[in-house]
Amino acid sequence: MKKLTSLIFGILISFFSTYAQEPEFTVLLEENMHDAIDMLQTSSGDYVIAGTIQAHVLVFVAKVSKYGDLLWSNYFVGDMQWFARITQKSNGHILIPMNNSIPHLLELSESGDSLGCTVIHEPKRSYFGQVIEMADSSLVATELIYNEDIWFPAIDSSYLIKMDKLGNIINKTAIQYHEIKQISPNGNNNILSLITPYSSVNTRIIGYDINGQEISNSYCTSMNPNLFSINKLSNDQYMSCGYIDGKSMHGAISKFNNYGEIEFCKEYPSFAYFMSATSDLSSGLIYLLGQKDDSCTITAMDFSGNVISEYIVDDSLIGTDIIFENDNLYLCGYYEYSYSSHRSCFIKINKNSVLSIDEGYSFPEIKTYPNPARDYVIFELPTYTIN
């Protein structure tokens, strides 16, 4: 009886602490929107999410308000790689990098209608990874070309492609290293990039001018991180996140300035990886979306990389992107019900829920796994003996 009482008490404590910290809302996208890949906040304040269905034959794009209302959705024939990043041009149009036998940039109106696409005629296994708009309204895109080996596909080469604002190609620069993970404008009409060389998994932070000429090159000397996300913290501070691949994956971050000069690199052994980061300049905090113990987590850090708090979002969620706005965190990802059953979602969490996690989890040995996409909650409890 004493054990049963302890169990019930534990469930109640766990339930109420979870309720106090649960997301403000979780919106499931349409049933066949399986794998959300990227999200951006538009100039109207709403959010556009793009991804692919699991058969990799259709790309979906959905617009969701900050209140969780689905405003529009659309589907396009093609595929989208996990590293693809979408962007909004200064005229409001949205660019989606994708592939349909040949790589192309799909341009959408603010209402989600197709306005055509920019096509580059390359081998079949060629993909656009990302596109960004520069200060002069020109566009810079990344292209990755895979080998033809269907059993062991690997990237053979990468390119930076400069285009005018209409999508006409101006020049195409071959990257001498290996794989372009991500690019970002640095405010000086130059480009910061994450590139993994052929000879090492240590991702380099390389600066290019707008014509594709290398102007800076740095990397972490204390460890060999595999980084795949550039996140702007302020006008002159950036952070990239990812993991270190060894006997087991460890989360990793690198902070650097707008010239690509590294301030520090840090490793976090208790995390598997960090996928995306966003910042709250008013409080000087960074929020990283990642994975720990098979659970999707949000980790709050200061600008020096010190962990402030950890928040478990869900045990069956794979988070892919996170954005901070007005004291709230918005994230996208997908619920992984099984290997062959995914469903994308859009989640809103108040930052105080993340920062007050230590108060909510008064009994850290009790773990809860609420899943808004299901009609039950999983409780993991130890056995108590009360004398």
# chains A, B, ... in the order shown; residues from 1 in each chain; ligands from 1
>>> residues_around(residues="segment 93-95 of chain A", least_positions_apart="3", cutoff="8 Å", atoms="only C-alpha atoms", output="MDAnalysis selection string")
chainID A and resid 86:90 105:110 131
>>> write_last_selection(atoms="all heavy atoms", output="CSV table (one decimal), in the first residue's frame")
chain,number,residue,atom,x,y,z
A,86,ILE,N,15.3,27.3,-46.4
A,86,ILE,CA,14.4,28.2,-47.2
A,86,ILE,C,14.7,29.7,-46.8
A,86,ILE,O,15.3,29.9,-45.7
A,86,ILE,CB,13.0,27.8,-47.0
A,86,ILE,CG1,12.5,28.0,-45.6
A,86,ILE,CG2,12.7,26.4,-47.5
A,86,ILE,CD1,11.0,27.7,-45.3
A,87,THR,N,14.3,30.6,-47.6
A,87,THR,CA,14.5,32.0,-47.3
A,87,THR,C,13.3,32.8,-47.9
A,87,THR,O,12.6,32.4,-48.8
A,87,THR,CB,15.8,32.5,-47.9
A,87,THR,OG1,16.2,33.8,-47.3
A,87,THR,CG2,15.8,32.7,-49.4
A,88,GLN,N,13.2,34.1,-47.4
A,88,GLN,CA,12.2,35.0,-47.9
A,88,GLN,C,13.0,36.2,-48.5
A,88,GLN,O,13.9,36.8,-47.9
A,88,GLN,CB,11.2,35.5,-46.9
A,88,GLN,CG,10.2,36.4,-47.4
A,88,GLN,CD,9.2,36.9,-46.4
A,88,GLN,OE1,9.5,37.1,-45.2
A,88,GLN,NE2,7.9,37.0,-46.8
A,89,LYS,N,12.7,36.5,-49.7
A,89,LYS,CA,13.3,37.7,-50.4
A,89,LYS,C,12.7,39.0,-49.9
A,89,LYS,O,11.7,39.0,-49.3
A,89,LYS,CB,13.1,37.6,-51.9
A,89,LYS,CG,13.8,36.3,-52.5
A,89,LYS,CD,13.4,36.1,-54.0
A,89,LYS,CE,13.8,37.2,-54.9
A,89,LYS,NZ,13.4,36.9,-56.3
A,90,SER,N,13.4,40.1,-50.2
A,90,SER,CA,12.9,41.4,-49.7
A,90,SER,C,11.6,41.8,-50.3
A,90,SER,O,10.8,42.6,-49.8
A,90,SER,CB,13.9,42.4,-50.0
A,90,SER,OG,14.3,42.4,-51.4
A,105,LEU,N,15.3,26.1,-57.8
A,105,LEU,CA,14.8,26.9,-56.7
A,105,LEU,C,13.4,27.3,-57.0
A,105,LEU,O,13.1,28.0,-58.0
A,105,LEU,CB,15.7,28.2,-56.6
A,105,LEU,CG,17.1,28.0,-56.1
A,105,LEU,CD1,17.9,29.4,-56.2
A,105,LEU,CD2,17.2,27.5,-54.7
A,106,LEU,N,12.5,26.8,-56.2
A,106,LEU,CA,11.1,27.1,-56.4
A,106,LEU,C,10.7,28.4,-55.7
A,106,LEU,O,11.1,28.7,-54.6
A,106,LEU,CB,10.2,26.0,-55.8
A,106,LEU,CG,8.7,26.2,-55.8
A,106,LEU,CD1,8.2,26.1,-57.3
A,106,LEU,CD2,8.0,25.1,-55.0
A,107,GLU,N,10.1,29.3,-56.4
A,107,GLU,CA,9.7,30.6,-55.9
A,107,GLU,C,8.2,30.7,-55.7
A,107,GLU,O,7.4,30.4,-56.6
A,107,GLU,CB,10.2,31.8,-56.8
A,107,GLU,CG,9.9,33.2,-56.2
A,107,GLU,CD,10.7,34.2,-57.0
A,107,GLU,OE1,11.5,33.9,-57.9
A,107,GLU,OE2,10.6,35.4,-56.6
A,108,LEU,N,7.8,31.0,-54.5
A,108,LEU,CA,6.4,31.1,-54.1
A,108,LEU,C,6.0,32.5,-53.7
A,108,LEU,O,6.8,33.3,-53.2
A,108,LEU,CB,6.1,30.2,-52.9
A,108,LEU,CG,6.5,28.7,-53.0
A,108,LEU,CD1,6.1,28.0,-51.7
A,108,LEU,CD2,5.8,28.1,-54.2
A,109,SER,N,4.7,32.8,-54.0
A,109,SER,CA,4.2,34.1,-53.5
A,109,SER,C,3.9,34.0,-52.1
A,109,SER,O,4.0,32.9,-51.5
A,109,SER,CB,2.9,34.4,-54.3
A,109,SER,OG,1.9,33.5,-53.9
A,110,GLU,N,3.6,35.1,-51.4
A,110,GLU,CA,3.3,35.1,-50.0
A,110,GLU,C,2.0,34.3,-49.7
A,110,GLU,O,1.8,33.9,-48.5
A,110,GLU,CB,3.1,36.6,-49.5
A,110,GLU,CG,4.4,37.4,-49.5
A,110,GLU,CD,4.2,38.7,-48.9
A,110,GLU,OE1,4.3,38.9,-47.7
A,110,GLU,OE2,4.0,39.7,-49.7
A,131,VAL,N,19.7,28.9,-50.2
A,131,VAL,CA,19.8,30.1,-50.9
A,131,VAL,C,19.6,31.3,-50.0
A,131,VAL,O,18.8,31.2,-49.0
A,131,VAL,CB,18.7,30.2,-52.1
A,131,VAL,CG1,17.3,30.0,-51.5
A,131,VAL,CG2,18.9,31.4,-52.9
>>> residues_around(residues="Gly78 of chain A", least_positions_apart="4", cutoff="10 Å", atoms="only C-alpha atoms", output="PyMOL selection string")
chain A and resi 52-53+56-60+98-104
>>> closest_atom_pairs(of="segment 38-127 of chain A", to="segment 142-147 of chain A", cutoff="7 Å", atoms="only C-alpha atoms", output="Markdown table")
| residue | atom | partner | partner_atom | distance |
| --- | --- | --- | --- | --- |
| A:Arg125 | CA | A:Tyr146 | CA | 5.3 |
| A:Ser126 | CA | A:Ile145 | CA | 4.3 |
| A:Tyr127 | CA | A:Leu144 | CA | 5.3 |
>>> closest_residue(among="A:Thr278, A:Asn32, A:Ser270, A:Asn352", to="Asn231 of chain A", atoms="only C-alpha atoms")
A:Thr278
>>> atom_distance(atom1="atom CA of Lys232 of chain A", atom2="atom CA of Asp136 of chain A")
19.6 Å
>>> residues_around(residues="segment 308-324 of chain A", least_positions_apart="3", cutoff="6 Å", atoms="only C-alpha atoms", output="count of residues only")
21
>>> atom_distance(atom1="atom CA of Phe25 of chain A", atom2="atom CA of Tyr47 of chain A")
14.7 Å
>>> select_by_dssp(residues="segment 256-285 of chain A", states="strand (DSSP E)", output="list in words")
Phe256, Asn257, Ile262, Glu263, Phe264, Cys265, Lys266, Glu267, Tyr268, Tyr273, Phe274, Met275, Ser276, Ala277, Thr278, Ser279, Asp280 and Leu285 of chain A
>>> write_last_selection(atoms="all heavy atoms", output="compact mmCIF listing (two decimals), in the first residue's frame")
# COMPACT_ATOMS: atom_id res chain seq x y z
N PHE A 256 31.52 32.49 -33.09
CA PHE A 256 32.50 33.22 -33.88
C PHE A 256 31.92 34.57 -34.28
O PHE A 256 30.71 34.83 -34.14
CB PHE A 256 32.91 32.42 -35.12
CG PHE A 256 31.76 31.84 -35.91
CD1 PHE A 256 31.23 32.51 -36.99
CD2 PHE A 256 31.21 30.61 -35.56
CE1 PHE A 256 30.17 31.98 -37.72
CE2 PHE A 256 30.16 30.06 -36.28
CZ PHE A 256 29.63 30.75 -37.36
N ASN A 257 32.78 35.47 -34.74
CA ASN A 257 32.33 36.79 -35.13
C ASN A 257 32.00 36.84 -36.62
O ASN A 257 32.07 35.83 -37.32
CB ASN A 257 33.36 37.86 -34.75
CG ASN A 257 34.69 37.68 -35.47
OD1 ASN A 257 34.78 37.04 -36.53
ND2 ASN A 257 35.75 38.24 -34.91
N ILE A 262 36.94 32.44 -34.62
CA ILE A 262 36.31 31.65 -33.57
C ILE A 262 36.63 32.20 -32.18
O ILE A 262 37.79 32.46 -31.86
CB ILE A 262 36.75 30.17 -33.68
CG1 ILE A 262 36.21 29.57 -34.98
CG2 ILE A 262 36.27 29.37 -32.47
CD1 ILE A 262 36.67 28.15 -35.22
N GLU A 263 35.59 32.38 -31.38
CA GLU A 263 35.76 32.79 -29.98
C GLU A 263 35.97 31.59 -29.08
O GLU A 263 36.84 31.57 -28.22
CB GLU A 263 34.54 33.59 -29.52
CG GLU A 263 34.63 34.07 -28.08
CD GLU A 263 33.42 34.87 -27.66
OE1 GLU A 263 32.79 35.51 -28.53
OE2 GLU A 263 33.09 34.85 -26.45
N PHE A 264 35.14 30.55 -29.26
CA PHE A 264 35.34 29.31 -28.51
C PHE A 264 34.59 28.16 -29.18
O PHE A 264 33.68 28.37 -29.98
CB PHE A 264 34.88 29.45 -27.04
CG PHE A 264 33.41 29.69 -26.85
CD1 PHE A 264 32.48 28.66 -26.96
CD2 PHE A 264 32.94 30.96 -26.54
CE1 PHE A 264 31.12 28.88 -26.78
CE2 PHE A 264 31.58 31.20 -26.36
CZ PHE A 264 30.68 30.16 -26.47
N CYS A 265 34.99 26.94 -28.84
CA CYS A 265 34.31 25.71 -29.23
C CYS A 265 34.07 24.91 -27.95
O CYS A 265 34.97 24.83 -27.10
CB CYS A 265 35.14 24.88 -30.20
SG CYS A 265 35.55 25.72 -31.75
N LYS A 266 32.90 24.33 -27.80
CA LYS A 266 32.60 23.57 -26.59
C LYS A 266 31.88 22.28 -26.92
O LYS A 266 31.12 22.20 -27.88
CB LYS A 266 31.74 24.40 -25.62
CG LYS A 266 32.51 25.52 -24.92
CD LYS A 266 31.73 26.10 -23.75
CE LYS A 266 32.56 27.10 -22.97
NZ LYS A 266 31.84 27.63 -21.78
N GLU A 267 32.13 21.29 -26.08
CA GLU A 267 31.54 19.96 -26.22
C GLU A 267 30.61 19.70 -25.05
O GLU A 267 30.90 20.10 -23.92
CB GLU A 267 32.64 18.91 -26.27
CG GLU A 267 32.16 17.48 -26.36
CD GLU A 267 33.31 16.48 -26.36
OE1 GLU A 267 34.47 16.93 -26.25
OE2 GLU A 267 33.04 15.28 -26.46
N TYR A 268 29.49 19.00 -25.31
CA TYR A 268 28.50 18.68 -24.28
C TYR A 268 28.19 17.19 -24.34
O TYR A 268 27.30 16.75 -25.07
CB TYR A 268 27.23 19.52 -24.48
CG TYR A 268 27.52 21.01 -24.42
CD1 TYR A 268 27.94 21.70 -25.55
CD2 TYR A 268 27.39 21.71 -23.23
CE1 TYR A 268 28.24 23.05 -25.50
CE2 TYR A 268 27.67 23.07 -23.17
CZ TYR A 268 28.09 23.73 -24.30
OH TYR A 268 28.39 25.09 -24.25
N TYR A 273 23.22 15.74 -29.91
CA TYR A 273 23.52 16.77 -30.89
C TYR A 273 22.63 17.98 -30.65
O TYR A 273 21.61 17.90 -29.96
CB TYR A 273 23.34 16.26 -32.33
CG TYR A 273 21.92 15.83 -32.67
CD1 TYR A 273 20.94 16.76 -33.05
CD2 TYR A 273 21.55 14.49 -32.63
CE1 TYR A 273 19.66 16.36 -33.37
CE2 TYR A 273 20.27 14.09 -32.95
CZ TYR A 273 19.32 15.03 -33.31
OH TYR A 273 18.04 14.64 -33.61
N PHE A 274 23.02 19.10 -31.24
CA PHE A 274 22.19 20.30 -31.31
C PHE A 274 21.88 20.56 -32.78
O PHE A 274 22.77 20.55 -33.62
CB PHE A 274 22.90 21.51 -30.70
CG PHE A 274 23.21 21.36 -29.23
CD1 PHE A 274 24.51 21.39 -28.77
CD2 PHE A 274 22.18 21.21 -28.31
CE1 PHE A 274 24.79 21.25 -27.42
CE2 PHE A 274 22.45 21.07 -26.96
CZ PHE A 274 23.76 21.09 -26.51
N MET A 275 20.62 20.82 -33.07
CA MET A 275 20.19 20.97 -34.47
C MET A 275 20.06 22.43 -34.88
O MET A 275 20.32 22.79 -36.02
CB MET A 275 18.85 20.26 -34.67
CG MET A 275 18.42 20.15 -36.11
SD MET A 275 19.52 19.02 -37.01
CE MET A 275 18.93 19.21 -38.69
N SER A 276 19.62 23.29 -33.96
CA SER A 276 19.36 24.68 -34.30
C SER A 276 19.48 25.53 -33.05
O SER A 276 19.35 25.01 -31.92
CB SER A 276 17.96 24.81 -34.92
OG SER A 276 17.66 26.17 -35.21
N ALA A 277 19.71 26.82 -33.22
CA ALA A 277 19.83 27.73 -32.08
C ALA A 277 19.18 29.06 -32.41
O ALA A 277 19.07 29.45 -33.57
CB ALA A 277 21.30 27.94 -31.71
N THR A 278 18.75 29.76 -31.36
CA THR A 278 18.17 31.10 -31.50
C THR A 278 18.55 31.88 -30.26
O THR A 278 18.95 31.30 -29.25
CB THR A 278 16.64 31.01 -31.67
OG1 THR A 278 16.11 32.31 -31.95
CG2 THR A 278 15.97 30.46 -30.41
N SER A 279 18.46 33.21 -30.30
CA SER A 279 18.94 34.01 -29.18
C SER A 279 17.90 35.02 -28.72
O SER A 279 17.05 35.47 -29.48
CB SER A 279 20.24 34.75 -29.56
OG SER A 279 19.99 35.67 -30.61
N ASP A 280 17.99 35.37 -27.43
CA ASP A 280 17.21 36.43 -26.81
C ASP A 280 18.20 37.47 -26.33
O ASP A 280 18.81 37.33 -25.27
CB ASP A 280 16.39 35.85 -25.65
CG ASP A 280 15.65 36.93 -24.85
OD1 ASP A 280 15.59 38.08 -25.33
OD2 ASP A 280 15.15 36.61 -23.76
N LEU A 285 20.60 35.29 -23.62
CA LEU A 285 20.52 33.84 -23.58
C LEU A 285 20.42 33.26 -24.99
O LEU A 285 19.89 33.90 -25.91
CB LEU A 285 19.32 33.39 -22.76
CG LEU A 285 19.38 33.65 -21.25
CD1 LEU A 285 18.09 33.18 -20.59
CD2 LEU A 285 20.58 32.95 -20.62
>>> residues_around(residues="segment 149-159 of chain A", least_positions_apart="6", cutoff="9 Å", atoms="only C-alpha atoms", output="list in words")
Ala141, Thr142, Glu143, Lys172, Thr173, Ala174, Ile175, Gln176, Tyr177, His178, Glu179 and Ile180 of chain A
>>> write_last_selection(atoms="C-alpha atoms", output="short mmCIF file (atom, residue, chain, number, x, y, z; two decimals), in the first residue's frame")
data_model
loop_
_atom_site.label_atom_id
_atom_site.label_comp_id
_atom_site.auth_asym_id
_atom_site.auth_seq_id
_atom_site.Cartn_x
_atom_site.Cartn_y
_atom_site.Cartn_z
CA ALA A 141 22.88 29.44 -53.50
CA THR A 142 24.72 26.23 -52.62
CA GLU A 143 24.70 23.17 -54.85
CA LYS A 172 29.44 29.43 -60.33
CA THR A 173 32.42 28.73 -58.06
CA ALA A 174 33.66 25.22 -57.26
CA ILE A 175 34.47 24.76 -53.56
CA GLN A 176 37.85 23.12 -53.09
CA TYR A 177 36.98 21.42 -49.81
CA HIS A 178 33.99 19.12 -49.74
CA GLU A 179 30.49 19.68 -48.46
CA ILE A 180 28.84 23.06 -47.91
#
>>> decode(residues="segment 179-190 of chain A", atoms="all heavy atoms", output="PDB file, in the first residue's frame")
ATOM      1  N   GLU A 179      31.936  19.524 -48.574  1.00  0.00           N
ATOM      2  CA  GLU A 179      30.491  19.678 -48.463  1.00  0.00           C
ATOM      3  C   GLU A 179      30.122  21.000 -47.802  1.00  0.00           C
ATOM      4  O   GLU A 179      30.527  21.280 -46.682  1.00  0.00           O
ATOM      5  CB  GLU A 179      29.923  18.517 -47.646  1.00  0.00           C
ATOM      6  CG  GLU A 179      28.424  18.581 -47.422  1.00  0.00           C
ATOM      7  CD  GLU A 179      27.933  17.433 -46.563  1.00  0.00           C
ATOM      8  OE1 GLU A 179      28.725  16.510 -46.288  1.00  0.00           O
ATOM      9  OE2 GLU A 179      26.756  17.467 -46.166  1.00  0.00           O
ATOM     10  N   ILE A 180      29.340  21.819 -48.491  1.00  0.00           N
ATOM     11  CA  ILE A 180      28.845  23.063 -47.909  1.00  0.00           C
ATOM     12  C   ILE A 180      27.634  22.733 -47.051  1.00  0.00           C
ATOM     13  O   ILE A 180      26.608  22.284 -47.563  1.00  0.00           O
ATOM     14  CB  ILE A 180      28.440  24.081 -48.993  1.00  0.00           C
ATOM     15  CG1 ILE A 180      29.588  24.325 -49.967  1.00  0.00           C
ATOM     16  CG2 ILE A 180      28.020  25.396 -48.349  1.00  0.00           C
ATOM     17  CD1 ILE A 180      29.228  25.249 -51.106  1.00  0.00           C
ATOM     18  N   LYS A 181      27.743  22.945 -45.752  1.00  0.00           N
ATOM     19  CA  LYS A 181      26.631  22.648 -44.861  1.00  0.00           C
ATOM     20  C   LYS A 181      25.627  23.794 -44.825  1.00  0.00           C
ATOM     21  O   LYS A 181      24.417  23.582 -44.860  1.00  0.00           O
ATOM     22  CB  LYS A 181      27.154  22.376 -43.438  1.00  0.00           C
ATOM     23  CG  LYS A 181      28.016  21.138 -43.334  1.00  0.00           C
ATOM     24  CD  LYS A 181      27.201  19.891 -43.557  1.00  0.00           C
ATOM     25  CE  LYS A 181      28.045  18.652 -43.414  1.00  0.00           C
ATOM     26  NZ  LYS A 181      28.655  18.494 -42.094  1.00  0.00           N
ATOM     27  N   GLN A 182      26.126  25.029 -44.694  1.00  0.00           N
ATOM     28  CA  GLN A 182      25.228  26.171 -44.632  1.00  0.00           C
ATOM     29  C   GLN A 182      25.983  27.454 -44.939  1.00  0.00           C
ATOM     30  O   GLN A 182      27.197  27.538 -44.755  1.00  0.00           O
ATOM     31  CB  GLN A 182      24.563  26.281 -43.254  1.00  0.00           C
ATOM     32  CG  GLN A 182      23.366  27.238 -43.240  1.00  0.00           C
ATOM     33  CD  GLN A 182      22.569  27.168 -41.949  1.00  0.00           C
ATOM     34  OE1 GLN A 182      22.842  26.369 -41.084  1.00  0.00           O
ATOM     35  NE2 GLN A 182      21.570  28.015 -41.828  1.00  0.00           N
ATOM     36  N   ILE A 183      25.255  28.460 -45.426  1.00  0.00           N
ATOM     37  CA  ILE A 183      25.832  29.776 -45.683  1.00  0.00           C
ATOM     38  C   ILE A 183      24.945  30.830 -45.035  1.00  0.00           C
ATOM     39  O   ILE A 183      23.757  30.604 -44.776  1.00  0.00           O
ATOM     40  CB  ILE A 183      25.981  30.061 -47.196  1.00  0.00           C
ATOM     41  CG1 ILE A 183      24.627  29.925 -47.908  1.00  0.00           C
ATOM     42  CG2 ILE A 183      27.025  29.149 -47.822  1.00  0.00           C
ATOM     43  CD1 ILE A 183      24.670  30.308 -49.391  1.00  0.00           C
ATOM     44  N   SER A 184      25.549  31.996 -44.755  1.00  0.00           N
ATOM     45  CA  SER A 184      24.804  33.090 -44.139  1.00  0.00           C
ATOM     46  C   SER A 184      25.441  34.405 -44.543  1.00  0.00           C
ATOM     47  O   SER A 184      26.676  34.514 -44.555  1.00  0.00           O
ATOM     48  CB  SER A 184      24.814  32.947 -42.609  1.00  0.00           C
ATOM     49  OG  SER A 184      24.208  34.075 -41.985  1.00  0.00           O
ATOM     50  N   PRO A 185      24.649  35.428 -44.889  1.00  0.00           N
ATOM     51  CA  PRO A 185      25.243  36.752 -45.125  1.00  0.00           C
ATOM     52  C   PRO A 185      25.760  37.309 -43.806  1.00  0.00           C
ATOM     53  O   PRO A 185      25.145  37.114 -42.753  1.00  0.00           O
ATOM     54  CB  PRO A 185      24.062  37.571 -45.665  1.00  0.00           C
ATOM     55  CG  PRO A 185      22.840  36.878 -45.145  1.00  0.00           C
ATOM     56  CD  PRO A 185      23.193  35.426 -45.049  1.00  0.00           C
ATOM     57  N   ASN A 186      26.905  37.983 -43.840  1.00  0.00           N
ATOM     58  CA  ASN A 186      27.481  38.465 -42.582  1.00  0.00           C
ATOM     59  C   ASN A 186      27.337  39.968 -42.376  1.00  0.00           C
ATOM     60  O   ASN A 186      27.960  40.542 -41.482  1.00  0.00           O
ATOM     61  CB  ASN A 186      28.959  38.074 -42.478  1.00  0.00           C
ATOM     62  CG  ASN A 186      29.836  38.871 -43.436  1.00  0.00           C
ATOM     63  OD1 ASN A 186      29.342  39.575 -44.316  1.00  0.00           O
ATOM     64  ND2 ASN A 186      31.148  38.760 -43.276  1.00  0.00           N
ATOM     65  N   GLY A 187      26.533  40.613 -43.205  1.00  0.00           N
ATOM     66  CA  GLY A 187      26.285  42.036 -43.018  1.00  0.00           C
ATOM     67  C   GLY A 187      27.232  42.934 -43.794  1.00  0.00           C
ATOM     68  O   GLY A 187      27.007  44.128 -43.918  1.00  0.00           O
ATOM     69  N   ASN A 188      28.313  42.386 -44.350  1.00  0.00           N
ATOM     70  CA  ASN A 188      29.280  43.177 -45.117  1.00  0.00           C
ATOM     71  C   ASN A 188      29.240  42.813 -46.597  1.00  0.00           C
ATOM     72  O   ASN A 188      30.228  43.005 -47.307  1.00  0.00           O
ATOM     73  CB  ASN A 188      30.693  42.936 -44.567  1.00  0.00           C
ATOM     74  CG  ASN A 188      30.817  43.352 -43.113  1.00  0.00           C
ATOM     75  OD1 ASN A 188      30.247  44.354 -42.701  1.00  0.00           O
ATOM     76  ND2 ASN A 188      31.550  42.579 -42.326  1.00  0.00           N
ATOM     77  N   ASN A 189      28.126  42.274 -47.033  1.00  0.00           N
ATOM     78  CA  ASN A 189      27.972  41.766 -48.402  1.00  0.00           C
ATOM     79  C   ASN A 189      28.941  40.639 -48.696  1.00  0.00           C
ATOM     80  O   ASN A 189      29.302  40.382 -49.851  1.00  0.00           O
ATOM     81  CB  ASN A 189      28.110  42.872 -49.445  1.00  0.00           C
ATOM     82  CG  ASN A 189      27.172  42.648 -50.623  1.00  0.00           C
ATOM     83  OD1 ASN A 189      26.090  42.079 -50.462  1.00  0.00           O
ATOM     84  ND2 ASN A 189      27.567  43.098 -51.798  1.00  0.00           N
ATOM     85  N   ASN A 190      29.392  39.983 -47.603  1.00  0.00           N
ATOM     86  CA  ASN A 190      30.195  38.780 -47.721  1.00  0.00           C
ATOM     87  C   ASN A 190      29.407  37.603 -47.159  1.00  0.00           C
ATOM     88  O   ASN A 190      28.296  37.769 -46.649  1.00  0.00           O
ATOM     89  CB  ASN A 190      31.532  38.936 -46.990  1.00  0.00           C
ATOM     90  CG  ASN A 190      32.422  39.973 -47.635  1.00  0.00           C
ATOM     91  OD1 ASN A 190      32.447  40.127 -48.857  1.00  0.00           O
ATOM     92  ND2 ASN A 190      33.166  40.711 -46.810  1.00  0.00           N
TER      93      ASN A 190
END
